[in-house]
Structures are given as structure tokens and as C-alpha cells.
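Shown below: run30.pdb, with PDB, C-alpha atoms, pLDDT in the B column.
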```
ATOM      1  CA  MET A   1      47.976  25.561 -48.871  1.00 45.00           C
ATOM      2  CA  SER A   2      50.536  23.031 -50.003  1.00 44.00           C
ATOM      3  CA  GLN A   3      49.659  19.489 -50.981  1.00 45.00           C
ATOM      4  CA  THR A   4      51.366  18.249 -47.829  1.00 43.00           C
ATOM      5  CA  ASN A   5      49.323  20.518 -45.574  1.00 44.00           C
ATOM      6  CA  ALA A   6      46.160  19.633 -47.437  1.00 43.00           C
ATOM      7  CA  ALA A   7      46.854  15.949 -46.931  1.00 42.00           C
ATOM      8  CA  VAL A   8      47.431  16.517 -43.247  1.00 40.00           C
ATOM      9  CA  GLY A   9      44.166  18.408 -42.988  1.00 42.00           C
ATOM     10  CA  GLN A  10      42.279  15.638 -44.746  1.00 41.00           C
ATOM     11  CA  HIS A  11      43.586  12.966 -42.427  1.00 41.00           C
ATOM     12  CA  ASN A  12      43.486  14.939 -39.192  1.00 44.00           C
ATOM     13  CA  PRO A  13      40.555  13.656 -37.133  1.00 42.00           C
ATOM     14  CA  THR A  14      40.286  16.997 -35.327  1.00 43.00           C
ATOM     15  CA  SER A  15      38.881  18.519 -38.525  1.00 39.00           C
ATOM     16  CA  ARG A  16      35.710  16.457 -38.086  1.00 46.00           C
ATOM     17  CA  LYS A  17      32.952  18.800 -36.982  1.00 62.00           C
ATOM     18  CA  ARG A  18      29.793  16.734 -36.726  1.00 81.00           C
ATOM     19  CA  TRP A  19      28.817  14.145 -34.189  1.00 87.00           C
ATOM     20  CA  THR A  20      27.800  10.735 -35.437  1.00 91.00           C
ATOM     21  CA  ALA A  21      24.889   8.608 -34.301  1.00 92.00           C
ATOM     22  CA  THR A  22      27.351   6.804 -32.043  1.00 92.00           C
ATOM     23  CA  ASP A  23      28.318  10.094 -30.417  1.00 93.00           C
ATOM     24  CA  LEU A  24      24.679  10.976 -29.791  1.00 95.00           C
ATOM     25  CA  GLY A  25      24.070   7.522 -28.389  1.00 96.00           C
ATOM     26  CA  LEU A  26      26.997   7.875 -25.993  1.00 96.00           C
ATOM     27  CA  ILE A  27      25.735  11.265 -24.868  1.00 97.00           C
ATOM     28  CA  ALA A  28      22.310   9.794 -24.113  1.00 97.00           C
ATOM     29  CA  VAL A  29      23.794   6.785 -22.302  1.00 97.00           C
ATOM     30  CA  PHE A  30      26.015   8.899 -20.081  1.00 97.00           C
ATOM     31  CA  ALA A  31      23.205  11.367 -19.361  1.00 98.00           C
ATOM     32  CA  ALA A  32      21.141   8.386 -18.200  1.00 97.00           C
ATOM     33  CA  LEU A  33      24.092   7.131 -16.161  1.00 97.00           C
ATOM     34  CA  VAL A  34      24.393  10.456 -14.351  1.00 97.00           C
ATOM     35  CA  ALA A  35      20.644  10.454 -13.725  1.00 96.00           C
ATOM     36  CA  ALA A  36      20.785   6.886 -12.403  1.00 95.00           C
ATOM     37  CA  SER A  37      23.609   7.796 -10.018  1.00 93.00           C
ATOM     38  CA  SER A  38      21.427  10.518  -8.516  1.00 90.00           C
ATOM     39  CA  ILE A  39      18.811   7.941  -7.535  1.00 86.00           C
ATOM     40  CA  VAL A  40      21.180   6.425  -4.978  1.00 82.00           C
ATOM     41  CA  PRO A  41      20.242   8.128  -1.695  1.00 69.00           C
ATOM     42  CA  GLY A  42      22.622  10.919  -0.765  1.00 65.00           C
ATOM     43  CA  ILE A  43      24.062  11.668   2.664  1.00 67.00           C
ATOM     44  CA  PRO A  44      23.063  15.152   3.881  1.00 66.00           C
ATOM     45  CA  VAL A  45      26.017  17.091   5.264  1.00 65.00           C
ATOM     46  CA  GLY A  46      25.871  19.980   7.712  1.00 57.00           C
ATOM     47  CA  ALA A  47      23.058  22.349   8.537  1.00 53.00           C
ATOM     48  CA  LEU A  48      22.430  23.195   4.885  1.00 59.00           C
ATOM     49  CA  GLY A  49      21.653  19.583   4.024  1.00 54.00           C
ATOM     50  CA  VAL A  50      23.625  19.523   0.756  1.00 65.00           C
ATOM     51  CA  PRO A  51      23.985  15.758   0.130  1.00 65.00           C
ATOM     52  CA  ILE A  52      27.035  13.693  -0.736  1.00 75.00           C
ATOM     53  CA  THR A  53      26.016  11.695  -3.824  1.00 82.00           C
ATOM     54  CA  LEU A  54      27.494   9.522  -6.572  1.00 90.00           C
ATOM     55  CA  VAL A  55      26.724  12.162  -9.202  1.00 94.00           C
ATOM     56  CA  THR A  56      30.211  13.653  -9.132  1.00 95.00           C
ATOM     57  CA  LEU A  57      31.646  10.213  -9.941  1.00 96.00           C
ATOM     58  CA  THR A  58      29.555   9.874 -13.095  1.00 97.00           C
ATOM     59  CA  VAL A  59      30.161  13.516 -14.042  1.00 98.00           C
ATOM     60  CA  MET A  60      33.920  12.971 -13.969  1.00 98.00           C
ATOM     61  CA  LEU A  61      33.554   9.623 -15.723  1.00 98.00           C
ATOM     62  CA  SER A  62      31.605  11.329 -18.523  1.00 98.00           C
ATOM     63  CA  GLY A  63      34.466  13.728 -19.106  1.00 97.00           C
ATOM     64  CA  LEU A  64      37.156  11.070 -18.859  1.00 97.00           C
ATOM     65  CA  VAL A  65      35.458   8.825 -21.402  1.00 97.00           C
ATOM     66  CA  LEU A  66      33.693  11.217 -23.768  1.00 96.00           C
ATOM     67  CA  GLY A  67      35.984  14.231 -23.807  1.00 95.00           C
ATOM     68  CA  ALA A  68      35.074  17.886 -23.448  1.00 96.00           C
ATOM     69  CA  GLY A  69      32.261  18.367 -25.968  1.00 96.00           C
ATOM     70  CA  ARG A  70      30.364  15.133 -25.556  1.00 97.00           C
ATOM     71  CA  GLY A  71      30.971  15.110 -21.798  1.00 97.00           C
ATOM     72  CA  PHE A  72      29.519  18.602 -21.500  1.00 98.00           C
ATOM     73  CA  ALA A  73      26.560  17.592 -23.674  1.00 98.00           C
ATOM     74  CA  ALA A  74      25.821  14.463 -21.643  1.00 98.00           C
ATOM     75  CA  VAL A  75      25.933  16.149 -18.247  1.00 98.00           C
ATOM     76  CA  GLY A  76      24.263  19.275 -19.624  1.00 98.00           C
ATOM     77  CA  LEU A  77      21.399  17.119 -20.897  1.00 98.00           C
ATOM     78  CA  TYR A  78      21.022  15.635 -17.413  1.00 98.00           C
ATOM     79  CA  VAL A  79      20.893  19.118 -15.856  1.00 98.00           C
ATOM     80  CA  LEU A  80      18.436  20.446 -18.443  1.00 98.00           C
ATOM     81  CA  LEU A  81      16.080  17.495 -17.960  1.00 97.00           C
ATOM     82  CA  GLY A  82      16.187  18.015 -14.207  1.00 97.00           C
ATOM     83  CA  LEU A  83      15.474  21.729 -14.527  1.00 97.00           C
ATOM     84  CA  ALA A  84      12.641  20.899 -16.925  1.00 97.00           C
ATOM     85  CA  GLY A  85      10.899  18.887 -14.231  1.00 95.00           C
ATOM     86  CA  LEU A  86      12.171  15.312 -14.272  1.00 95.00           C
ATOM     87  CA  PRO A  87      12.913  14.202 -10.680  1.00 95.00           C
ATOM     88  CA  ILE A  88      16.525  13.280 -11.394  1.00 94.00           C
ATOM     89  CA  PHE A  89      18.396  15.526  -8.988  1.00 93.00           C
ATOM     90  CA  SER A  90      19.447  14.062  -5.635  1.00 86.00           C
ATOM     91  CA  GLY A  91      16.499  13.295  -3.387  1.00 82.00           C
ATOM     92  CA  GLY A  92      14.125  13.239  -6.355  1.00 88.00           C
ATOM     93  CA  ARG A  93      14.210  17.017  -6.662  1.00 90.00           C
ATOM     94  CA  SER A  94      13.579  18.829  -9.933  1.00 93.00           C
ATOM     95  CA  GLY A  95      12.579  22.129 -11.466  1.00 96.00           C
ATOM     96  CA  LEU A  96      14.041  25.609 -11.664  1.00 96.00           C
ATOM     97  CA  GLY A  97      13.561  26.041  -7.929  1.00 95.00           C
ATOM     98  CA  ILE A  98      16.743  24.032  -7.413  1.00 94.00           C
ATOM     99  CA  LEU A  99      18.659  27.099  -8.563  1.00 95.00           C
ATOM    100  CA  ALA A 100      17.556  28.895  -5.386  1.00 95.00           C
ATOM    101  CA  THR A 101      18.927  26.200  -3.066  1.00 93.00           C
ATOM    102  CA  PRO A 102      22.430  25.823  -1.581  1.00 91.00           C
ATOM    103  CA  SER A 103      23.037  22.980  -4.081  1.00 91.00           C
ATOM    104  CA  ALA A 104      22.674  25.279  -7.092  1.00 95.00           C
ATOM    105  CA  GLY A 105      26.377  25.973  -7.525  1.00 97.00           C
ATOM    106  CA  TYR A 106      27.224  22.291  -7.658  1.00 95.00           C
ATOM    107  CA  ILE A 107      24.522  21.549 -10.231  1.00 96.00           C
ATOM    108  CA  ILE A 108      25.614  24.417 -12.464  1.00 97.00           C
ATOM    109  CA  ALA A 109      29.214  23.235 -12.125  1.00 98.00           C
ATOM    110  CA  PHE A 110      28.602  19.670 -13.265  1.00 98.00           C
ATOM    111  CA  PRO A 111      28.560  20.222 -17.080  1.00 98.00           C
ATOM    112  CA  LEU A 112      31.509  22.613 -16.818  1.00 98.00           C
ATOM    113  CA  ALA A 113      33.470  20.108 -14.754  1.00 98.00           C
ATOM    114  CA  ALA A 114      32.750  17.336 -17.266  1.00 98.00           C
ATOM    115  CA  ALA A 115      34.001  19.586 -20.071  1.00 98.00           C
ATOM    116  CA  ALA A 116      37.163  20.575 -18.190  1.00 98.00           C
ATOM    117  CA  THR A 117      37.898  16.967 -17.217  1.00 98.00           C
ATOM    118  CA  GLY A 118      37.291  15.876 -20.798  1.00 97.00           C
ATOM    119  CA  TYR A 119      39.659  18.473 -22.192  1.00 97.00           C
ATOM    120  CA  LEU A 120      42.404  17.569 -19.730  1.00 97.00           C
ATOM    121  CA  ALA A 121      41.805  13.845 -20.289  1.00 96.00           C
ATOM    122  CA  THR A 122      42.235  14.334 -24.044  1.00 95.00           C
ATOM    123  CA  VAL A 123      45.580  16.054 -23.447  1.00 95.00           C
ATOM    124  CA  VAL A 124      46.657  13.237 -21.143  1.00 94.00           C
ATOM    125  CA  ILE A 125      45.640  10.487 -23.572  1.00 92.00           C
ATOM    126  CA  ARG A 126      47.435  12.218 -26.431  1.00 90.00           C
ATOM    127  CA  ARG A 127      50.677  12.990 -24.641  1.00 89.00           C
ATOM    128  CA  THR A 128      51.294  10.385 -21.957  1.00 82.00           C
ATOM    129  CA  VAL A 129      51.910   6.690 -21.670  1.00 80.00           C
ATOM    130  CA  LYS A 130      53.576   6.354 -18.293  1.00 89.00           C
ATOM    131  CA  PHE A 131      51.628   7.328 -15.177  1.00 93.00           C
ATOM    132  CA  ARG A 132      48.531   7.974 -17.282  1.00 94.00           C
ATOM    133  CA  ALA A 133      46.163   7.023 -14.471  1.00 96.00           C
ATOM    134  CA  LEU A 134      47.892   9.463 -12.142  1.00 97.00           C
ATOM    135  CA  TRP A 135      47.565  12.276 -14.687  1.00 97.00           C
ATOM    136  CA  LEU A 136      43.900  11.463 -15.251  1.00 97.00           C
ATOM    137  CA  PHE A 137      43.348  11.561 -11.499  1.00 98.00           C
ATOM    138  CA  ALA A 138      45.051  14.958 -11.403  1.00 97.00           C
ATOM    139  CA  ALA A 139      42.687  16.130 -14.148  1.00 97.00           C
ATOM    140  CA  THR A 140      39.643  15.093 -12.126  1.00 98.00           C
ATOM    141  CA  MET A 141      40.959  16.750  -8.987  1.00 98.00           C
ATOM    142  CA  VAL A 142      41.663  20.034 -10.753  1.00 97.00           C
ATOM    143  CA  SER A 143      38.138  20.053 -12.156  1.00 97.00           C
ATOM    144  CA  SER A 144      36.660  19.062  -8.805  1.00 97.00           C
ATOM    145  CA  ILE A 145      38.453  21.636  -6.712  1.00 97.00           C
ATOM    146  CA  VAL A 146      38.376  24.561  -9.121  1.00 97.00           C
ATOM    147  CA  ILE A 147      34.950  24.131 -10.723  1.00 98.00           C
ATOM    148  CA  VAL A 148      32.713  21.891  -8.605  1.00 97.00           C
ATOM    149  CA  HIS A 149      33.867  23.074  -5.198  1.00 97.00           C
ATOM    150  CA  GLY A 150      34.505  26.621  -6.380  1.00 97.00           C
ATOM    151  CA  LEU A 151      30.993  27.085  -7.745  1.00 98.00           C
ATOM    152  CA  GLY A 152      29.577  25.041  -4.881  1.00 96.00           C
ATOM    153  CA  VAL A 153      31.018  27.495  -2.376  1.00 97.00           C
ATOM    154  CA  LEU A 154      29.773  30.407  -4.462  1.00 97.00           C
ATOM    155  CA  GLY A 155      26.282  28.900  -4.573  1.00 96.00           C
ATOM    156  CA  MET A 156      26.171  28.599  -0.792  1.00 95.00           C
ATOM    157  CA  MET A 157      27.384  32.179  -0.435  1.00 96.00           C
ATOM    158  CA  VAL A 158      24.621  33.447  -2.733  1.00 96.00           C
ATOM    159  CA  ASN A 159      21.663  31.234  -1.809  1.00 95.00           C
ATOM    160  CA  ALA A 160      22.435  30.482   1.836  1.00 93.00           C
ATOM    161  CA  ARG A 161      23.921  33.947   2.453  1.00 95.00           C
ATOM    162  CA  LEU A 162      27.072  32.549   4.030  1.00 94.00           C
ATOM    163  CA  ASP A 163      30.344  34.409   4.088  1.00 96.00           C
ATOM    164  CA  PHE A 164      33.265  32.781   2.294  1.00 96.00           C
ATOM    165  CA  SER A 165      34.815  31.145   5.363  1.00 96.00           C
ATOM    166  CA  LYS A 166      31.542  29.497   6.436  1.00 94.00           C
ATOM    167  CA  ALA A 167      30.748  28.360   2.893  1.00 95.00           C
ATOM    168  CA  PHE A 168      34.283  26.987   2.524  1.00 95.00           C
ATOM    169  CA  LEU A 169      33.957  25.027   5.772  1.00 93.00           C
ATOM    170  CA  ALA A 170      30.539  23.725   4.687  1.00 91.00           C
ATOM    171  CA  ASP A 171      32.110  22.460   1.467  1.00 92.00           C
ATOM    172  CA  LEU A 172      35.108  20.719   3.068  1.00 92.00           C
ATOM    173  CA  PRO A 173      33.273  17.484   4.040  1.00 88.00           C
ATOM    174  CA  PHE A 174      32.736  16.761   0.336  1.00 90.00           C
ATOM    175  CA  VAL A 175      36.437  16.705  -0.521  1.00 92.00           C
ATOM    176  CA  PRO A 176      37.426  13.275   0.929  1.00 90.00           C
ATOM    177  CA  GLY A 177      34.494  11.608  -0.804  1.00 90.00           C
ATOM    178  CA  ASP A 178      35.369  13.267  -4.092  1.00 93.00           C
ATOM    179  CA  ILE A 179      38.924  11.967  -3.870  1.00 95.00           C
ATOM    180  CA  ILE A 180      37.601   8.417  -3.531  1.00 94.00           C
ATOM    181  CA  LYS A 181      35.051   8.911  -6.321  1.00 95.00           C
ATOM    182  CA  ASN A 182      37.688  10.377  -8.621  1.00 97.00           C
ATOM    183  CA  VAL A 183      39.912   7.355  -8.048  1.00 97.00           C
ATOM    184  CA  LEU A 184      37.005   5.072  -8.969  1.00 96.00           C
ATOM    185  CA  ALA A 185      36.186   7.190 -12.033  1.00 97.00           C
ATOM    186  CA  VAL A 186      39.776   6.897 -13.276  1.00 98.00           C
ATOM    187  CA  ILE A 187      39.834   3.127 -12.720  1.00 97.00           C
ATOM    188  CA  ILE A 188      36.591   2.697 -14.679  1.00 97.00           C
ATOM    189  CA  ALA A 189      37.718   5.083 -17.409  1.00 97.00           C
ATOM    190  CA  MET A 190      41.048   3.306 -17.836  1.00 95.00           C
ATOM    191  CA  ALA A 191      39.199   0.017 -18.272  1.00 96.00           C
ATOM    192  CA  ILE A 192      36.884   1.576 -20.871  1.00 95.00           C
ATOM    193  CA  HIS A 193      39.797   3.124 -22.783  1.00 92.00           C
ATOM    194  CA  LYS A 194      41.573  -0.232 -22.785  1.00 91.00           C
ATOM    195  CA  ALA A 195      38.508  -2.021 -24.127  1.00 92.00           C
ATOM    196  CA  PHE A 196      37.561   0.752 -26.585  1.00 90.00           C
ATOM    197  CA  PRO A 197      40.772   2.636 -27.397  1.00 86.00           C
ATOM    198  CA  ASP A 198      39.115   4.941 -29.921  1.00 84.00           C
ATOM    199  CA  VAL A 199      36.271   6.148 -27.702  1.00 85.00           C
ATOM    200  CA  LEU A 200      38.128   9.390 -26.977  1.00 82.00           C
ATOM    201  CA  VAL A 201      41.408   9.577 -28.888  1.00 63.00           C
ATOM    202  CA  ARG A 202      40.004   8.817 -32.350  1.00 58.00           C
ATOM    203  CA  ARG A 203      39.378  12.534 -32.745  1.00 47.00           C
ATOM    204  CA  VAL A 204      42.871  13.582 -31.775  1.00 41.00           C
ATOM    205  CA  LYS A 205      45.291  10.934 -33.043  1.00 39.00           C
TER     206      LYS A 205
END
```
Would you kindly transcribe this structure into C-alpha cells?
Amino acid sequence: MSQTNAAVGQHNPTSRKRWTATDLGLIAVFAALVAASSIVPGIPVGALGVPITLVTLTVMLSGLVLGAGRGFAAVGLYVLLGLAGLPIFSGGRSGLGILATPSAGYIIAFPLAAAATGYLATVVIRRTVKFRALWLFAATMVSSIVIVHGLGVLGMMVNARLDFSKAFLADLPFVPGDIIKNVLAVIIAMAIHKAFPDVLVRRVK
């Protein structure tokens, strides 16, 4: 390796492997935020009773602010604590039994969606200046549609024994609400990035 390449490697923040105490603190804070958002009563939709909640807002916000790794860790911690028995899923539910309900696909999707949103948000922050909010919104929508709704439909097909068309129709009522929540998540995230510009991009400058 040349001296130039070595210098680049030394100063490239992406070479940093370990999380700091600040990172761990942010993960804990956002895990608590996701848990707190689940306390707000959900609105049951359709015969299956899968509720519309604020959790997807905080899941997307975790990815937008923390990036892929820390976002996944924060939301994954929330899911693990709920599966371990803390009543932090919507409606005060908890335990492994949740994986046998029609909501299972959505819950499994949450950490993956936070990671995907975080990855896309990092790309957006690195490469865009103009229309950044619009690109961040696009990132949340891609993660929502592909991961959250995709696995949500799959979960209803498996646990509620619905065919694809019925599961797809059961999922549709969640889409308008997710659009609104994604807009709010982007607005909040933009404000956080403005106030703390290194919260995400310090690793990828």
C-alpha cells in the first residue's frame, strides 16, 4: 500500500469498526422511543385486527437518524425485548406467541426496514444536497413497501392462511398511514441532522 493510500485509510471514518458509548446510548434511546410509540393505542384494521400504530414512524426514524447498523440494533433490541416478555408490542402484547399472529411479518420486518432505510439514508446524505428530503422520503417508502408490507403480507398468508390477493387487500389500509408517517419521520430526521450534522455522516464523510 502506498503512503497516499495508507493516509486515506487512516482518515477514512468508514474504517472505524467499533461503536462508542455514544452509539450504544443512541441505540438504547431509539429502542426506548420505538417501545414508547407502541404504547399509543393502535387502530385495528379489518377482520384480522392488525392495528395501525406509530411504531413504523419510529422504526423509519431510527434508520434515518442512526443509519443501517445502529438502526437495526435499536429496532432489533425493541423486538428482542418484546419477544422476551416485555409488554411493548402494540396492545401491550409480548412473548414468542406474537410470531404466530397475523402481525408477525410486520414485527420481523421492523429491524430489517430500519437497516434498509438507514443504508439508503446514508447514501442520500453522502451524495445529495438538493431535494434531500424527497430522496429520504423515497428511501422510507422503498423500505416500507418492499420490506414492511412485503413481510406483512407474507405473515398474514402464513399465520392467517390467506391467499396472496386477500392478504394484499388486508394490507392496503396501512399504506396511506405509512405515507403520512414517513413524511413526519423525514421532517423530524431533517431537523435532527441539521442540529447534529455528524449523527449519521461522521462515519462516511
Output check: residues returned by the PyMOL selection byres ((chain A and resi 59-67) around 7), as a PDB file with C-alpha atoms, keeping the file's coordinate frame:
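Final output, saved to out_0.pdb:
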```pdb
ATOM      1  CA  PHE A  30      26.015   8.899 -20.081  1.00 97.00           C
ATOM      2  CA  VAL A  34      24.393  10.456 -14.351  1.00 97.00           C
ATOM      3  CA  VAL A  55      26.724  12.162  -9.202  1.00 94.00           C
ATOM      4  CA  THR A  56      30.211  13.653  -9.132  1.00 95.00           C
ATOM      5  CA  LEU A  57      31.646  10.213  -9.941  1.00 96.00           C
ATOM      6  CA  THR A  58      29.555   9.874 -13.095  1.00 97.00           C
ATOM      7  CA  ALA A  68      35.074  17.886 -23.448  1.00 96.00           C
ATOM      8  CA  GLY A  69      32.261  18.367 -25.968  1.00 96.00           C
ATOM      9  CA  ARG A  70      30.364  15.133 -25.556  1.00 97.00           C
ATOM     10  CA  GLY A  71      30.971  15.110 -21.798  1.00 97.00           C
ATOM     11  CA  VAL A  75      25.933  16.149 -18.247  1.00 98.00           C
ATOM     12  CA  PHE A 110      28.602  19.670 -13.265  1.00 98.00           C
ATOM     13  CA  ALA A 114      32.750  17.336 -17.266  1.00 98.00           C
ATOM     14  CA  ALA A 115      34.001  19.586 -20.071  1.00 98.00           C
ATOM     15  CA  THR A 117      37.898  16.967 -17.217  1.00 98.00           C
ATOM     16  CA  GLY A 118      37.291  15.876 -20.798  1.00 97.00           C
ATOM     17  CA  TYR A 119      39.659  18.473 -22.192  1.00 97.00           C
ATOM     18  CA  ALA A 121      41.805  13.845 -20.289  1.00 96.00           C
ATOM     19  CA  THR A 122      42.235  14.334 -24.044  1.00 95.00           C
ATOM     20  CA  THR A 140      39.643  15.093 -12.126  1.00 98.00           C
ATOM     21  CA  ALA A 185      36.186   7.190 -12.033  1.00 97.00           C
ATOM     22  CA  ALA A 189      37.718   5.083 -17.409  1.00 97.00           C
ATOM     23  CA  VAL A 199      36.271   6.148 -27.702  1.00 85.00           C
ATOM     24  CA  LEU A 200      38.128   9.390 -26.977  1.00 82.00           C
TER      25      LEU A 200
END
```
*Please provide the set of residues having any atom within 9 Å of range 83-96 of chain A, restricted to only C-alpha atoms, with same-chain residues fewer than 4 positions apart removed, written as a PyMOL selection string.*
chain A and resi 34-42+51+53+55+78-79+100+107
Give me, please, the distance in Å between CA of Val186 in chain A and CA of Leu136 in chain A, quoted to one decimal.
->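 Between these atoms lies a distance of 6.5 Å.
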Using 5 Å of padding on each side, determine the axis-aligned box around all atoms of range 62-75 of chain A present in the file and give its centre and edge lengths in Å to one decimal, as AutoDock Vina command-line options.
```
--center_x 31.5 --center_y 13.7 --center_z -22.1 --size_x 21.3 --size_y 19.8 --size_z 17.7
```
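One finds CA of Phe164 in chain A at 28.0 Å from CA of Gly82 in chain A.
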Looking at only C-alpha atoms, which of A:Met141, A:Leu154, A:Thr128, A:Ala133 is the one that sits closest to Ile108 in chain A?
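Among the listed residues, A:Leu154 lies closest to Ile108 in chain A.
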Provide the CA of Val175 in chain A to CA of Ser144 in chain A distance in Å, to one decimal place.
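Going from CA of Val175 in chain A over to CA of Ser144 in chain A, I get 8.6 Å.
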- prompt: Using only C-alpha atoms, which of A:Ala191, A:Ile52, A:Leu81, A:Leu99 sits nearest Pro176 in chain A?
  reply: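 Using only C-alpha atoms, Pro176 in chain A sits closest to A:Ile52.
Minimum atom-to-atom distances from A:Leu54, A:Lys130, A:Thr101, A:Gly76 to Phe174 in chain A were compared using only C-alpha atoms, and the lowest value belongs to A:Leu54.
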Between A:His149, A:Ala138, A:Gly97, A:Ile192, which is the closest to Pro173 in chain A once you count only C-alpha atoms?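 Result for the nearest residue to Pro173 in chain A: A:His149.
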Calculated over all atoms listed in the file, which of the candidates A:Trp135, A:Gly25, A:Ser165, A:Ala116 has the smallest distance to Val183 in chain A?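 Looking at the shortest contact to Val183 in chain A, the residue is A:Trp135.
For the residues A:Phe137, A:Ser103, A:Trp19, A:Asp163, ranking by smallest atom-to-atom distance to Lys181 in chain A using only C-alpha atoms places A:Phe137 first.
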Taking the structure in the block just given, could you write range 85-104 of chain A with N, CA and C atoms, as an mmCIF file, in the first residue's frame?
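decode_10.cif written:
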```cif
data_model
loop_
_atom_site.group_PDB
_atom_site.id
_atom_site.type_symbol
_atom_site.label_atom_id
_atom_site.label_comp_id
_atom_site.auth_asym_id
_atom_site.auth_seq_id
_atom_site.Cartn_x
_atom_site.Cartn_y
_atom_site.Cartn_z
ATOM 1 N N GLY A 85 -40.646 -10.980 26.578
ATOM 2 C CA GLY A 85 -41.729 -10.908 27.549
ATOM 3 C C GLY A 85 -42.141 -9.525 27.996
ATOM 4 N N LEU A 86 -41.400 -8.492 27.625
ATOM 5 C CA LEU A 86 -41.828 -7.141 27.992
ATOM 6 C C LEU A 86 -43.039 -6.748 27.146
ATOM 7 N N PRO A 87 -44.072 -6.180 27.764
ATOM 8 C CA PRO A 87 -45.305 -5.854 27.022
ATOM 9 C C PRO A 87 -45.152 -4.566 26.208
ATOM 10 N N ILE A 88 -44.314 -4.613 25.187
ATOM 11 C CA ILE A 88 -44.004 -3.411 24.425
ATOM 12 C C ILE A 88 -44.432 -3.506 22.966
ATOM 13 N N PHE A 89 -45.124 -4.583 22.597
ATOM 14 C CA PHE A 89 -45.740 -4.612 21.282
ATOM 15 C C PHE A 89 -47.106 -3.935 21.373
ATOM 16 N N SER A 90 -47.687 -3.583 20.240
ATOM 17 C CA SER A 90 -48.962 -2.868 20.250
ATOM 18 C C SER A 90 -50.001 -3.648 21.050
ATOM 19 N N GLY A 91 -50.795 -2.898 21.819
ATOM 20 C CA GLY A 91 -51.812 -3.519 22.655
ATOM 21 C C GLY A 91 -51.261 -4.174 23.900
ATOM 22 N N GLY A 92 -49.987 -3.899 24.231
ATOM 23 C CA GLY A 92 -49.388 -4.496 25.415
ATOM 24 C C GLY A 92 -49.049 -5.965 25.251
ATOM 25 N N ARG A 93 -48.977 -6.423 24.007
ATOM 26 C CA ARG A 93 -48.663 -7.836 23.776
ATOM 27 C C ARG A 93 -47.161 -8.085 23.925
ATOM 28 N N SER A 94 -46.802 -9.339 24.132
ATOM 29 C CA SER A 94 -45.401 -9.706 24.274
ATOM 30 C C SER A 94 -45.262 -11.207 24.110
ATOM 31 N N GLY A 95 -44.010 -11.665 24.087
ATOM 32 C CA GLY A 95 -43.745 -13.090 24.062
ATOM 33 C C GLY A 95 -43.617 -13.660 22.662
ATOM 34 N N LEU A 96 -43.105 -14.883 22.606
ATOM 35 C CA LEU A 96 -42.889 -15.552 21.325
ATOM 36 C C LEU A 96 -44.186 -15.875 20.603
ATOM 37 N N GLY A 97 -45.284 -15.904 21.339
ATOM 38 C CA GLY A 97 -46.575 -16.191 20.723
ATOM 39 C C GLY A 97 -46.958 -15.200 19.643
ATOM 40 N N ILE A 98 -46.371 -13.999 19.700
ATOM 41 C CA ILE A 98 -46.675 -12.979 18.697
ATOM 42 C C ILE A 98 -46.284 -13.446 17.303
ATOM 43 N N LEU A 99 -45.322 -14.369 17.246
ATOM 44 C CA LEU A 99 -44.848 -14.859 15.954
ATOM 45 C C LEU A 99 -45.856 -15.777 15.278
ATOM 46 N N ALA A 100 -46.912 -16.158 16.008
ATOM 47 C CA ALA A 100 -47.965 -16.991 15.432
ATOM 48 C C ALA A 100 -49.188 -16.178 15.049
ATOM 49 N N THR A 101 -49.116 -14.854 15.188
ATOM 50 C CA THR A 101 -50.251 -13.992 14.882
ATOM 51 C C THR A 101 -50.095 -13.365 13.496
ATOM 52 N N PRO A 102 -51.159 -12.776 12.944
ATOM 53 C CA PRO A 102 -51.055 -12.109 11.653
ATOM 54 C C PRO A 102 -50.082 -10.930 11.639
ATOM 55 N N SER A 103 -49.736 -10.405 12.829
ATOM 56 C CA SER A 103 -48.809 -9.267 12.910
ATOM 57 C C SER A 103 -47.348 -9.682 12.798
ATOM 58 N N ALA A 104 -47.074 -10.978 12.803
ATOM 59 C CA ALA A 104 -45.694 -11.455 12.905
ATOM 60 C C ALA A 104 -44.802 -10.911 11.800
#
```
